[in-house]
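As structure tokens, the structure follows; a few thoughts come after it.
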Amino acid sequence: MNKNSYNIMALAPNTSNKRETVCIFGTGDFGRALGHKLIQSGYPVVFGSRSTQTSSLIPKDAEVLSHAEAAQKAAIIIIAIQRQHYSFLTSLAEILRGKVLVDVSNNLKINQYPESNAEYLAQLVPGTKVVKAFNTVSAWALQSGTLDASRQVFVCGDDMEAKQMVMDIVRALGLTPLDQGSLLAAQEIENYPLQLFPMWKFPILLSLGLAAFFFFYSLIRDVIYPYVYESKDFSFFIAISIPNRICPIVALILLALVYLPGVLAAIIQLYRGTKYSRFPDWLDKWMLCRKQLGLVALAFAFLHVLYTLVIPIRSFSRWRTSNQILSLALKNETEPLNTAHAWLSDSYLALGILGFSLFFLLGITSLPSVSNNVNWREFRFVQSKLGYLTLIFCTAHTLVYGGNRFLSPSSYRWYLPNAYMLSLIVPCIVLVVKFVLIFPCLDKPLTRIRQGWERNPQYPE
């Protein structure tokens, strides 16, 4: 993104009260919606169409002319037609010379053509100033006014003055223009609307994979094993017990995976002795989706809280409690308070409450509306320092839950450990390595490397 050019443009909006005429080629859904929005913003609009007959679908304050007549009336022409219909523009080459052509088209699949539609348009009609814009805004959003989900408009082009004119229109419509640089960025801009949650794909697939693995793992241990060896039917565990076991396990592993790439990056930088060498592609992609990993982990943690709250009203829980009370009453006995067990129980709950509270805080600070109101140092403190503290609390919560059951032979069914034991592997590795990295003998050289010092300089200072 060309931030500097955007900042310069942002300081120089169009101060003229008179709106210049905008021409739109195409009377489809998007062209009509954009024309209606332009008229509402005070722009005179003229439509260029093969048919000059007035239609009830066309905004009533807009003029409909032939393509040639409409193009002569405006300096900015919005091309709201598909790429396969661009060919007629060659016959208008002389009329369009020197004018700004705004390409708003999208394709049916990513990288459908060798070049972007905007670049193709610039080649087809030389002498024009082609700008890519508006392709990330839907016709429905323009018509309904619900623009919160698509308020940003990516803009790119080779002519700075032409981009300025288009960005002024974007702002007048109540949208936010983002300067993406030259027309070479058009391919990426055109691919953007075709990507379905690109940064969420890996976190969601990973979480679903982990959930499926631990579901079948718990099914074998907690349902199939008792049925085979004890003839007990615990199939109802599938509804509450097993999900309540899966959710915290997946949440803890995903939370650890948020901080594992940072630890790996520190080790790589220490090994190379420089920060000016690229990380492997897999590590780069991993680090870019850490926010999404954390939010998916928070969702699983929240489900764990909800499942835990309904445990007392379960039929199985009420049966087990009443059965224990009746058994003690028939024996005329009371069970003395086990102080050690009470400490473990209260500690387990307290660590869970603290861990979830900090987890929730991490999720809130990752929201753009919140993160934009804190400086870099505050954001880093919450996401890094409090993030590791959250991981410590959640790992301790699981460890205390296990208690002395780690060493109990009855906990291993078919030689399989309890599922929560497996969930501790990644968090413990992350915390142990992080603990080693904060030793002064490693922390000081790592800090110097991240400040620009190189053990084996390969780049001039």
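Simple scheme: letters A, B, ... for chains in structure tokens order, numbers from 1 for residues in each chain, numbers from 1 for ligands in the order shown.
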
Surrounding residues of Ile267 (chain A) excluding itself and chain neighbours under 3 positions, 10 Å, only C-alpha atoms, as a ChimeraX atom specification: /A:261-264,270-273,433,437,442,446

Within 10 Å of region 378-397 of chain A, which residues of region 221-303 of chain A show up? Give each one with its shortest atom-to-atom distance in Å (one decimal) and the two atoms involved, counting only C-alpha atoms, rows by chain then rising residue number, as a tab-separated table.
residue	atom	partner	partner_atom	distance
A:Pro248	CA	A:Cys394	CA	9.1
A:Ala251	CA	A:Cys394	CA	9.4
A:Leu252	CA	A:Cys394	CA	6.9
A:Ile253	CA	A:Thr395	CA	9.7
A:Leu255	CA	A:Leu391	CA	6.9
A:Ala256	CA	A:Leu391	CA	6.8
A:Val258	CA	A:Gly387	CA	9.3
A:Tyr259	CA	A:Tyr388	CA	7.8
A:Gly262	CA	A:Ser384	CA	9.8
A:Lys291	CA	A:Gln383	CA	9.8
A:Gly294	CA	A:Gly387	CA	9.9

Select, from A:Leu254, A:Gln187, A:Lys163, A:Asp158, the residue with the minimum atom-to-atom distance to Val430 (chain A), counting only C-alpha atoms.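 Of the candidates, the smallest distance to Val430 (chain A) is held by A:Leu254.
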
Members of region 28-216 of chain A assigned helix (DSSP H, G or I) by DSSP, as a PyMOL selection string: chain A and resi 29-40+67-72+83-96+117-124+139-144+148-150+160-172+183-194+201-216

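By only C-alpha atoms, and with residues fewer than 2 positions from Val22 (chain A) along its chain excluded, the set lying at most 8 Å from it is A:Glu20, A:Ile24, A:Tyr43, A:Pro44, A:Val45, A:Val46, A:Ala74, A:Ala75, A:Ile76, A:Ile77, A:Ile78.
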
Write out the residues from the selection above, keeping all heavy atoms, as a compact mmCIF listing (two decimals), in the first residue's frame.
# COMPACT_ATOMS: atom_id res chain seq x y z
N GLU A 20 -18.68 18.03 -10.58
CA GLU A 20 -18.56 17.84 -12.02
C GLU A 20 -19.38 16.63 -12.47
O GLU A 20 -19.62 15.70 -11.70
CB GLU A 20 -17.09 17.67 -12.41
CG GLU A 20 -16.42 16.51 -11.71
CD GLU A 20 -14.92 16.49 -11.98
OE1 GLU A 20 -14.41 17.42 -12.62
OE2 GLU A 20 -14.27 15.54 -11.54
N ILE A 24 -21.49 7.28 -16.64
CA ILE A 24 -21.47 5.85 -16.32
C ILE A 24 -21.84 5.07 -17.56
O ILE A 24 -22.92 5.26 -18.12
CB ILE A 24 -22.44 5.51 -15.17
CG1 ILE A 24 -22.07 6.27 -13.90
CG2 ILE A 24 -22.43 4.01 -14.90
CD1 ILE A 24 -23.03 6.05 -12.74
N TYR A 43 -23.75 14.92 -7.46
CA TYR A 43 -23.09 14.84 -8.76
C TYR A 43 -24.13 14.74 -9.88
O TYR A 43 -25.04 13.91 -9.80
CB TYR A 43 -22.17 13.62 -8.83
CG TYR A 43 -20.87 13.78 -8.10
CD1 TYR A 43 -20.74 13.39 -6.77
CD2 TYR A 43 -19.75 14.33 -8.73
CE1 TYR A 43 -19.55 13.52 -6.09
CE2 TYR A 43 -18.55 14.47 -8.05
CZ TYR A 43 -18.45 14.07 -6.74
OH TYR A 43 -17.26 14.22 -6.06
N PRO A 44 -24.00 15.54 -10.93
CA PRO A 44 -24.81 15.31 -12.14
C PRO A 44 -24.35 14.00 -12.79
O PRO A 44 -23.14 13.77 -12.94
CB PRO A 44 -24.49 16.52 -13.02
CG PRO A 44 -23.87 17.53 -12.12
CD PRO A 44 -23.18 16.75 -11.05
N VAL A 45 -25.26 13.15 -13.17
CA VAL A 45 -24.93 11.84 -13.72
C VAL A 45 -25.56 11.68 -15.09
O VAL A 45 -26.75 11.98 -15.29
CB VAL A 45 -25.40 10.70 -12.78
CG1 VAL A 45 -25.16 9.34 -13.43
CG2 VAL A 45 -24.67 10.78 -11.45
N VAL A 46 -24.75 11.19 -16.02
CA VAL A 46 -25.25 10.86 -17.35
C VAL A 46 -24.87 9.42 -17.66
O VAL A 46 -23.73 9.01 -17.45
CB VAL A 46 -24.70 11.83 -18.42
CG1 VAL A 46 -23.18 11.86 -18.42
CG2 VAL A 46 -25.22 11.46 -19.81
N ALA A 74 -18.52 14.43 -19.86
CA ALA A 74 -17.86 14.22 -18.57
C ALA A 74 -16.38 13.94 -18.77
O ALA A 74 -15.96 13.40 -19.79
CB ALA A 74 -18.53 13.06 -17.83
N ALA A 75 -15.61 14.32 -17.75
CA ALA A 75 -14.17 14.03 -17.75
C ALA A 75 -13.89 12.69 -17.08
O ALA A 75 -12.83 12.09 -17.28
CB ALA A 75 -13.40 15.14 -17.04
N ILE A 76 -14.84 12.24 -16.24
CA ILE A 76 -14.69 10.96 -15.55
C ILE A 76 -15.77 10.02 -16.04
O ILE A 76 -16.96 10.33 -15.97
CB ILE A 76 -14.81 11.14 -14.02
CG1 ILE A 76 -13.69 12.05 -13.50
CG2 ILE A 76 -14.75 9.79 -13.31
CD1 ILE A 76 -13.78 12.33 -12.01
N ILE A 77 -15.34 8.86 -16.54
CA ILE A 77 -16.28 7.87 -17.07
C ILE A 77 -16.10 6.57 -16.31
O ILE A 77 -15.01 6.00 -16.30
CB ILE A 77 -16.05 7.64 -18.58
CG1 ILE A 77 -16.19 8.97 -19.33
CG2 ILE A 77 -17.02 6.60 -19.12
CD1 ILE A 77 -15.77 8.89 -20.77
N ILE A 78 -17.16 6.12 -15.67
CA ILE A 78 -17.12 4.87 -14.91
C ILE A 78 -17.58 3.74 -15.83
O ILE A 78 -18.70 3.75 -16.33
CB ILE A 78 -18.02 4.96 -13.66
CG1 ILE A 78 -17.49 6.07 -12.73
CG2 ILE A 78 -18.05 3.62 -12.93
CD1 ILE A 78 -18.37 6.33 -11.53

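Of note, CA of Ala93 (chain A) and CA of Val130 (chain A) are spaced 13.1 Å apart.
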
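Between Ser207 (chain A) and the residues A:Trp319, A:Phe236, A:Phe300, A:Tyr192, the shortest atom-to-atom distance, using only C-alpha atoms, involves A:Phe300.
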
Name all residues at most 9 Å from region 59-64 of chain A (count only C-alpha atoms; drop same-chain ones fewer than 3 positions away) and give them as number ranges by chain. A: 32-33, 35-36, 39, 44-49, 51-56, 70

Write the residues of the selection above to a file with N, CA, C and O atoms, as a PDB file, in the first residue's frame.
ATOM      1  N   ARG A  32     -26.537   1.398 -11.981  1.00  0.00           N
ATOM      2  CA  ARG A  32     -27.701   2.158 -11.495  1.00  0.00           C
ATOM      3  C   ARG A  32     -27.533   2.529 -10.017  1.00  0.00           C
ATOM      4  O   ARG A  32     -27.849   3.659  -9.616  1.00  0.00           O
ATOM      5  N   ALA A  33     -27.041   1.584  -9.200  1.00  0.00           N
ATOM      6  CA  ALA A  33     -26.872   1.858  -7.774  1.00  0.00           C
ATOM      7  C   ALA A  33     -25.834   2.944  -7.547  1.00  0.00           C
ATOM      8  O   ALA A  33     -26.020   3.849  -6.716  1.00  0.00           O
ATOM      9  N   GLY A  35     -24.944   5.245  -9.735  1.00  0.00           N
ATOM     10  CA  GLY A  35     -25.506   6.495 -10.234  1.00  0.00           C
ATOM     11  C   GLY A  35     -26.449   7.137  -9.233  1.00  0.00           C
ATOM     12  O   GLY A  35     -26.424   8.352  -9.019  1.00  0.00           O
ATOM     13  N   HIS A  36     -27.298   6.324  -8.602  1.00  0.00           N
ATOM     14  CA  HIS A  36     -28.223   6.834  -7.588  1.00  0.00           C
ATOM     15  C   HIS A  36     -27.457   7.439  -6.412  1.00  0.00           C
ATOM     16  O   HIS A  36     -27.817   8.516  -5.900  1.00  0.00           O
ATOM     17  N   ILE A  39     -25.915  10.814  -7.443  1.00  0.00           N
ATOM     18  CA  ILE A  39     -26.927  11.880  -7.487  1.00  0.00           C
ATOM     19  C   ILE A  39     -27.255  12.351  -6.078  1.00  0.00           C
ATOM     20  O   ILE A  39     -27.393  13.556  -5.822  1.00  0.00           O
ATOM     21  N   PRO A  44     -23.996  15.544 -10.934  1.00  0.00           N
ATOM     22  CA  PRO A  44     -24.812  15.307 -12.137  1.00  0.00           C
ATOM     23  C   PRO A  44     -24.346  14.003 -12.795  1.00  0.00           C
ATOM     24  O   PRO A  44     -23.139  13.771 -12.937  1.00  0.00           O
ATOM     25  N   VAL A  45     -25.261  13.153 -13.174  1.00  0.00           N
ATOM     26  CA  VAL A  45     -24.926  11.842 -13.724  1.00  0.00           C
ATOM     27  C   VAL A  45     -25.564  11.680 -15.086  1.00  0.00           C
ATOM     28  O   VAL A  45     -26.748  11.980 -15.286  1.00  0.00           O
ATOM     29  N   VAL A  46     -24.754  11.188 -16.025  1.00  0.00           N
ATOM     30  CA  VAL A  46     -25.252  10.861 -17.351  1.00  0.00           C
ATOM     31  C   VAL A  46     -24.865   9.418 -17.656  1.00  0.00           C
ATOM     32  O   VAL A  46     -23.727   9.013 -17.445  1.00  0.00           O
ATOM     33  N   PHE A  47     -25.829   8.634 -18.105  1.00  0.00           N
ATOM     34  CA  PHE A  47     -25.588   7.232 -18.438  1.00  0.00           C
ATOM     35  C   PHE A  47     -25.341   7.099 -19.935  1.00  0.00           C
ATOM     36  O   PHE A  47     -26.074   7.680 -20.747  1.00  0.00           O
ATOM     37  N   GLY A  48     -24.327   6.338 -20.289  1.00  0.00           N
ATOM     38  CA  GLY A  48     -24.092   5.989 -21.680  1.00  0.00           C
ATOM     39  C   GLY A  48     -24.575   4.579 -21.920  1.00  0.00           C
ATOM     40  O   GLY A  48     -24.135   3.646 -21.240  1.00  0.00           O
ATOM     41  N   SER A  49     -25.500   4.402 -22.874  1.00  0.00           N
ATOM     42  CA  SER A  49     -26.110   3.096 -23.080  1.00  0.00           C
ATOM     43  C   SER A  49     -26.392   2.867 -24.556  1.00  0.00           C
ATOM     44  O   SER A  49     -26.479   3.824 -25.342  1.00  0.00           O
ATOM     45  N   SER A  51     -29.168   1.704 -25.571  1.00  0.00           N
ATOM     46  CA  SER A  51     -30.553   2.156 -25.728  1.00  0.00           C
ATOM     47  C   SER A  51     -30.742   3.443 -24.937  1.00  0.00           C
ATOM     48  O   SER A  51     -30.445   3.499 -23.740  1.00  0.00           O
ATOM     49  N   THR A  52     -31.184   4.485 -25.619  1.00  0.00           N
ATOM     50  CA  THR A  52     -31.362   5.782 -24.956  1.00  0.00           C
ATOM     51  C   THR A  52     -32.773   5.975 -24.408  1.00  0.00           C
ATOM     52  O   THR A  52     -33.123   7.071 -23.963  1.00  0.00           O
ATOM     53  N   GLN A  53     -33.569   4.940 -24.448  1.00  0.00           N
ATOM     54  CA  GLN A  53     -34.928   5.047 -23.918  1.00  0.00           C
ATOM     55  C   GLN A  53     -34.888   5.101 -22.394  1.00  0.00           C
ATOM     56  O   GLN A  53     -34.172   4.338 -21.749  1.00  0.00           O
ATOM     57  N   THR A  54     -35.683   5.985 -21.820  1.00  0.00           N
ATOM     58  CA  THR A  54     -35.725   6.138 -20.370  1.00  0.00           C
ATOM     59  C   THR A  54     -36.440   4.947 -19.735  1.00  0.00           C
ATOM     60  O   THR A  54     -37.491   4.515 -20.210  1.00  0.00           O
ATOM     61  N   SER A  55     -35.871   4.436 -18.697  1.00  0.00           N
ATOM     62  CA  SER A  55     -36.439   3.292 -17.981  1.00  0.00           C
ATOM     63  C   SER A  55     -36.728   3.695 -16.546  1.00  0.00           C
ATOM     64  O   SER A  55     -36.063   4.566 -15.974  1.00  0.00           O
ATOM     65  N   SER A  56     -37.740   3.047 -15.956  1.00  0.00           N
ATOM     66  CA  SER A  56     -38.084   3.342 -14.563  1.00  0.00           C
ATOM     67  C   SER A  56     -36.979   2.911 -13.603  1.00  0.00           C
ATOM     68  O   SER A  56     -36.941   3.351 -12.453  1.00  0.00           O
ATOM     69  N   ALA A  70     -22.654  10.734 -24.204  1.00  0.00           N
ATOM     70  CA  ALA A  70     -22.433  10.756 -22.762  1.00  0.00           C
ATOM     71  C   ALA A  70     -20.971  11.006 -22.434  1.00  0.00           C
ATOM     72  O   ALA A  70     -20.645  11.756 -21.500  1.00  0.00           O
TER      73      ALA A  70
END

Excluding same-chain residues fewer than 3 positions from Gly363 (chain A), what lies within 10 Å of it counting only C-alpha atoms, as a list in words? Lys291, Gln292, Gly294, Leu295, Val296, Ala297, Leu298, Ala299, Ser357, Leu358, Phe359, Phe360, Ser366, Leu367 and Gln383 of chain A

Next, dump the selected residues to file, keeping only N, CA, C and O atoms, as a tab-separated table (two decimals), in the first residue's frame.
chain	number	residue	atom	x	y	z
A	291	LYS	N	-3.77	-13.51	14.62
A	291	LYS	CA	-4.98	-12.88	15.16
A	291	LYS	C	-6.18	-13.79	14.98
A	291	LYS	O	-6.99	-13.97	15.91
A	292	GLN	N	-6.31	-14.37	13.80
A	292	GLN	CA	-7.43	-15.26	13.52
A	292	GLN	C	-7.36	-16.52	14.38
A	292	GLN	O	-8.38	-17.01	14.86
A	294	GLY	N	-6.08	-16.72	17.34
A	294	GLY	CA	-6.48	-16.33	18.69
A	294	GLY	C	-7.98	-16.17	18.84
A	294	GLY	O	-8.55	-16.56	19.85
A	295	LEU	N	-8.63	-15.58	17.83
A	295	LEU	CA	-10.08	-15.38	17.91
A	295	LEU	C	-10.84	-16.70	17.83
A	295	LEU	O	-11.86	-16.88	18.50
A	296	VAL	N	-10.35	-17.64	17.00
A	296	VAL	CA	-10.98	-18.96	16.96
A	296	VAL	C	-10.79	-19.67	18.30
A	296	VAL	O	-11.72	-20.32	18.81
A	297	ALA	N	-9.60	-19.52	18.89
A	297	ALA	CA	-9.35	-20.11	20.20
A	297	ALA	C	-10.29	-19.52	21.25
A	297	ALA	O	-10.82	-20.25	22.11
A	298	LEU	N	-10.52	-18.21	21.19
A	298	LEU	CA	-11.44	-17.56	22.13
A	298	LEU	C	-12.86	-18.11	21.96
A	298	LEU	O	-13.58	-18.29	22.95
A	299	ALA	N	-13.27	-18.37	20.73
A	299	ALA	CA	-14.60	-18.93	20.48
A	299	ALA	C	-14.75	-20.30	21.15
A	299	ALA	O	-15.77	-20.60	21.77
A	357	SER	N	-10.69	-14.54	31.55
A	357	SER	CA	-10.82	-13.07	31.59
A	357	SER	C	-9.74	-12.41	30.75
A	357	SER	O	-10.01	-11.49	29.96
A	358	LEU	N	-8.48	-12.86	30.91
A	358	LEU	CA	-7.39	-12.30	30.11
A	358	LEU	C	-7.55	-12.67	28.63
A	358	LEU	O	-7.24	-11.88	27.74
A	359	PHE	N	-8.03	-13.88	28.39
A	359	PHE	CA	-8.29	-14.33	27.02
A	359	PHE	C	-9.30	-13.40	26.35
A	359	PHE	O	-9.14	-12.98	25.20
A	360	PHE	N	-10.35	-13.07	27.07
A	360	PHE	CA	-11.38	-12.17	26.56
A	360	PHE	C	-10.81	-10.79	26.30
A	360	PHE	O	-11.15	-10.12	25.31
A	366	SER	N	-7.93	-6.94	20.05
A	366	SER	CA	-7.63	-7.25	18.66
A	366	SER	C	-8.64	-6.63	17.70
A	366	SER	O	-8.41	-6.60	16.49
A	367	LEU	N	-9.77	-6.12	18.23
A	367	LEU	CA	-10.78	-5.48	17.39
A	367	LEU	C	-10.23	-4.15	16.87
A	367	LEU	O	-9.63	-3.38	17.63
A	383	GLN	N	-0.93	-7.77	23.95
A	383	GLN	CA	-0.89	-8.98	23.13
A	383	GLN	C	0.30	-9.88	23.44
A	383	GLN	O	0.22	-11.09	23.24

Residues within 12 Å of Lys285 (chain A), please, as an MDAnalysis selection string. Count only C-alpha atoms; anything in the same chain fewer than 2 positions from it doesn't count. chainID A and resid 198:203 261 279:283 287:293

Dump as an mmCIF file, in the first residue's frame, selection limited to C-alpha atoms:
data_model
loop_
_atom_site.group_PDB
_atom_site.id
_atom_site.type_symbol
_atom_site.label_atom_id
_atom_site.label_comp_id
_atom_site.auth_asym_id
_atom_site.auth_seq_id
_atom_site.Cartn_x
_atom_site.Cartn_y
_atom_site.Cartn_z
ATOM 1 C CA PRO A 198 -8.388 -15.765 3.108
ATOM 2 C CA MET A 199 -6.792 -15.229 6.527
ATOM 3 C CA TRP A 200 -9.341 -17.463 8.271
ATOM 4 C CA LYS A 201 -8.949 -20.548 6.114
ATOM 5 C CA PHE A 202 -5.947 -22.050 7.903
ATOM 6 C CA PRO A 203 -7.162 -21.312 11.485
ATOM 7 C CA PRO A 261 5.773 -18.718 15.657
ATOM 8 C CA PHE A 279 11.695 -16.036 7.420
ATOM 9 C CA PRO A 280 10.519 -19.190 5.618
ATOM 10 C CA ASP A 281 7.225 -18.693 3.766
ATOM 11 C CA TRP A 282 5.343 -21.074 6.066
ATOM 12 C CA LEU A 283 6.449 -19.056 9.094
ATOM 13 C CA MET A 287 2.577 -15.171 11.780
ATOM 14 C CA LEU A 288 0.102 -13.296 9.586
ATOM 15 C CA CYS A 289 -2.855 -15.392 10.766
ATOM 16 C CA ARG A 290 -2.093 -15.261 14.515
ATOM 17 C CA LYS A 291 -4.978 -12.875 15.162
ATOM 18 C CA GLN A 292 -7.434 -15.258 13.521
ATOM 19 C CA LEU A 293 -5.973 -18.218 15.439
#
